[in-house]
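Undergrad: First the structure, then my questions, so here it is.
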Amino acid sequence: MKELSTTAAGYPLRLCCVRMGEDLCLTLSGGEEEHIGAAAVAQPRPSLADPARTSATASVITLLGHQEDILARELALKVAGTLNITVCIVCGIHLRHPAPHMLEEMVTASRGLVDAFLEDMRSTAKS
């Protein structure tokens, strides 16, 4: 299991990864209360724009009243397309009455955690 964490908008943010055979299951959680808000499953496929490149397609489930679906989809597509494997990501980040800049900071930090995770995966694969 891999785990990365940071702080964004004054709250903890954590990315955890469990390998399931060749596939990955990731959780992205934080803010004031960890929970399940949305889940996205992405699988790699040839890019529609350039079949020589790998892209991905995704399906998303969002729980009533939650807004993590766009972020979950974005991150699942990125990981699946980059690593060429099937990925499930479950997101749950809760902030009560956040200012817009707080949401932007959480999204930016979430992307940063995924980028750091992908860099770690690439460096691990090379060694």
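Residues in the structure tokens are named by chain (A, B, ... in the order shown) and by number from 1 within that chain; ligands are numbered from 1 in the order shown.
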Within 8 Å of Val114 in chain A, counting only C-alpha atoms, which residues show up once you throw out same-chain ones fewer than 6 positions away? Write them as a list of chain:residue names, please.
TA: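 Those residues are A:Leu15, A:Leu75, A:Val79.
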Undergrad: How would the residues just picked look written out with N, CA and C atoms as a PDB file, in the first residue's frame?
TA:
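Result went into out06.pdb, see below:
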```pdb
ATOM      1  N   LEU A  15      -3.876  10.488  -0.221  1.00  0.00           N
ATOM      2  CA  LEU A  15      -4.056   9.576  -1.342  1.00  0.00           C
ATOM      3  C   LEU A  15      -3.462   8.232  -0.958  1.00  0.00           C
ATOM      4  N   LEU A  75      -9.034  12.344 -12.378  1.00  0.00           N
ATOM      5  CA  LEU A  75      -7.863  11.661 -11.833  1.00  0.00           C
ATOM      6  C   LEU A  75      -7.796  10.196 -12.269  1.00  0.00           C
ATOM      7  N   VAL A  79      -4.608   8.563 -14.358  1.00  0.00           N
ATOM      8  CA  VAL A  79      -3.809   7.427 -13.881  1.00  0.00           C
ATOM      9  C   VAL A  79      -3.915   6.251 -14.850  1.00  0.00           C
TER      10      VAL A  79
END
```
Undergrad: List as number ranges by chain the protein and nucleic acid residues near Val18 in chain A, meaning an atom at most 9 Å away when only C-alpha atoms are counted, but skip any in the same chain fewer than 3 places from it.
TA: A: 1-2, 23-27
Undergrad: For Arg45 in chain A, list every protein, DNA or RNA residue within 12 Å, evaluated using only C-alpha atoms, and leave out those in the same chain fewer than 5 positions away; present the list as a list in words.
TA: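 With the cut-off at 12 Å, the set is Asp50, Pro51, Ala52, Arg53, Thr54, Ser55, Ala56, Thr57, Ala58, Leu77, Ala80, Gly81, Thr82, Leu83, Asn84, Ile85 and Thr86 of chain A.
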Undergrad: So which one's closest to Val41 in chain A, A:Ala109, A:Ile70, A:Ile61, A:Leu118? Using only C-alpha atoms, please.
TA: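 Using only C-alpha atoms, Val41 in chain A sits closest to A:Ile61.
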Undergrad: So which residues of range 45-116 of chain A fall under strand (DSSP E) by DSSP, listed as number ranges by chain?
TA: A: 45-46, 54-62, 87-94
Undergrad: Keeping only N, CA, C and O atoms, take the residues you just selected and write them out as a short mmCIF file (atom, residue, chain, number, x, y, z; two decimals), in the first residue's frame.
TA:
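Output (out_27.cif):
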```cif
data_model
loop_
_atom_site.label_atom_id
_atom_site.label_comp_id
_atom_site.auth_asym_id
_atom_site.auth_seq_id
_atom_site.Cartn_x
_atom_site.Cartn_y
_atom_site.Cartn_z
N ARG A 45 -7.36 2.67 -23.18
CA ARG A 45 -7.76 2.34 -24.55
C ARG A 45 -6.92 3.21 -25.48
O ARG A 45 -6.36 4.23 -25.05
N PRO A 46 -6.83 2.84 -26.77
CA PRO A 46 -6.12 3.71 -27.71
C PRO A 46 -6.82 5.07 -27.81
O PRO A 46 -8.05 5.14 -27.80
N THR A 54 -1.97 6.12 -25.67
CA THR A 54 -2.94 5.52 -24.75
C THR A 54 -3.76 6.61 -24.10
O THR A 54 -3.24 7.62 -23.64
N SER A 55 -5.06 6.40 -24.06
CA SER A 55 -5.99 7.28 -23.37
C SER A 55 -6.78 6.40 -22.41
O SER A 55 -6.33 5.30 -22.08
N ALA A 56 -7.94 6.83 -22.00
CA ALA A 56 -8.75 6.01 -21.10
C ALA A 56 -10.21 6.43 -21.22
O ALA A 56 -10.52 7.51 -21.71
N THR A 57 -11.08 5.57 -20.76
CA THR A 57 -12.50 5.86 -20.68
C THR A 57 -12.92 5.59 -19.24
O THR A 57 -12.31 4.76 -18.56
N ALA A 58 -13.96 6.27 -18.75
CA ALA A 58 -14.32 6.14 -17.34
C ALA A 58 -15.82 6.12 -17.13
O ALA A 58 -16.58 6.68 -17.91
N SER A 59 -16.23 5.48 -16.05
CA SER A 59 -17.60 5.50 -15.54
C SER A 59 -17.55 6.03 -14.12
O SER A 59 -16.61 5.73 -13.37
N VAL A 60 -18.56 6.81 -13.75
CA VAL A 60 -18.56 7.47 -12.45
C VAL A 60 -19.88 7.24 -11.73
O VAL A 60 -20.95 7.26 -12.34
N ILE A 61 -19.79 7.03 -10.43
CA ILE A 61 -20.96 6.97 -9.56
C ILE A 61 -20.78 8.07 -8.52
O ILE A 61 -19.74 8.16 -7.87
N THR A 62 -21.80 8.90 -8.36
CA THR A 62 -21.76 9.99 -7.39
C THR A 62 -22.87 9.81 -6.38
O THR A 62 -24.02 9.57 -6.75
N VAL A 87 -8.09 1.43 -13.28
CA VAL A 87 -7.99 2.17 -12.03
C VAL A 87 -9.38 2.46 -11.47
O VAL A 87 -10.28 2.82 -12.22
N CYS A 88 -9.54 2.30 -10.17
CA CYS A 88 -10.73 2.77 -9.47
C CYS A 88 -10.26 3.81 -8.47
O CYS A 88 -9.29 3.56 -7.73
N ILE A 89 -10.90 4.97 -8.47
CA ILE A 89 -10.57 5.98 -7.46
C ILE A 89 -11.85 6.39 -6.75
O ILE A 89 -12.87 6.66 -7.38
N VAL A 90 -11.79 6.39 -5.44
CA VAL A 90 -12.91 6.80 -4.59
C VAL A 90 -12.49 8.11 -3.93
O VAL A 90 -11.44 8.18 -3.29
N CYS A 91 -13.31 9.15 -4.11
CA CYS A 91 -12.99 10.47 -3.55
C CYS A 91 -14.01 10.87 -2.50
O CYS A 91 -15.22 10.67 -2.69
N GLY A 92 -13.52 11.45 -1.44
CA GLY A 92 -14.37 11.99 -0.40
C GLY A 92 -13.65 13.11 0.33
O GLY A 92 -12.80 12.84 1.19
N ILE A 93 -13.90 14.34 -0.05
CA ILE A 93 -13.28 15.50 0.57
C ILE A 93 -14.40 16.41 1.04
O ILE A 93 -15.22 16.85 0.23
N HIS A 94 -14.45 16.66 2.33
CA HIS A 94 -15.57 17.45 2.86
C HIS A 94 -15.07 18.73 3.53
O HIS A 94 -14.23 18.69 4.42
#
```
Undergrad: Report, in Å with one decimal, the straight-line distance from CA of Arg96 in chain A to CA of Ala116 in chain A.
TA: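 Answer for the CA of Arg96 in chain A to CA of Ala116 in chain A separation: 27.2 Å.
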Undergrad: Assign secondary structure with DSSP using the backbone only, and return the residues of chain A in alpha helix (DSSP H) as a VMD selection string.
TA: chain A and resid 69 to 83 100 to 126
Undergrad: Grab the CA of Glu22 in chain A to CA of Leu71 in chain A distance for me, in Å with one decimal place.
TA: 23.2 Å
